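**Q** Attaching a single structure in structure tokens format; questions to follow.
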Amino acid sequence: MLSHERLALAKGLIVAYFDQAARDRVETALICFGGNGAARRFGPAVPRWWNARWLEPVDGGGGTPLADGIAAAAQLLARDVRRTPDQQRWLWVLSDGRTRELPPRPAHADHVVFVDFDDAAVRIGQGLRLADAWGAQWMTAASLCPGLAG
């Protein structure tokens, strides 16, 4: 996500999600992926507070290693299903879809939501294609906060 506005919006959505997860006392994990690969920054745990350091190193550009991020999520979900097999697991993917990768849907994600930040003049539509291939819910970032996104 090269645009600073898109990246700021993604970070804001993540902070809002963590605030809601803390209020609802639900376990959450955060895996960030960018030019240097994927890294787990939090969890899985119930967030007690927000720590801006989890997102500070995330920047746009350098390509989207989507497959790395999805593989890290798949490993985390597989480990969690062994720990709590009856718990429902959601995977939220926030990306501009600027990649040629089409990783497989993580087997242990019960529900997947792809939040598409592809708002360029020429949209490539990779986020929608991936969501369709996975049977996932697809939405634009602008639909989540229409007053903020263009």
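Identifiers in the structure tokens: chain A, B, ... in order shown; residue index from 1 per chain; ligand index from 1 in order shown.
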Give me the residues near A:Ala29 as number ranges by chain, where near means some atom within 9 Å (using only C-alpha atoms) and where sequence neighbours in that chain fewer than 3 positions away do not count.

**A** A: 40-47, 73, 76

**Q** Store the residues picked out above in a file with C-alpha atoms, as a compact mmCIF listing (two decimals), in the first residue's frame.

**A**
```txt
# COMPACT_ATOMS: atom_id res chain seq x y z
CA ARG A 40 3.27 -11.77 14.07
CA ARG A 41 3.01 -8.61 16.15
CA PHE A 42 0.40 -9.64 18.71
CA GLY A 43 -1.40 -12.64 20.10
CA PRO A 44 -3.29 -14.68 19.96
CA ALA A 45 -4.64 -13.16 23.16
CA VAL A 46 -7.39 -10.88 24.40
CA PRO A 47 -6.02 -7.37 23.90
CA ALA A 73 -2.02 -16.84 9.41
CA LEU A 76 -1.44 -19.62 13.61
```

**Q** Need the shell around A:Val93: protein/DNA/RNA residues with any atom at most 8 Å away, counting only C-alpha atoms. Skip same-chain ones fewer than 6 positions apart. Format as an NGL selection string?

**A** :A and (112-115)

**Q** Find the spatial neighbours of A:Thr84, counting only C-alpha atoms, within a cut-off of 12 Å - ignore same-chain residues fewer than 5 positions away - and output them as a list in words.

**A**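 Those residues are Glu27, Pro44, Leu77, Ala78, Arg79, Arg89 and His108 of chain A.
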
**Q** Interatomic distance between atom CA of A:Ala141 and atom CA of A:Ala72?

**A**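 Distance between the two atoms: 22.7 Å.
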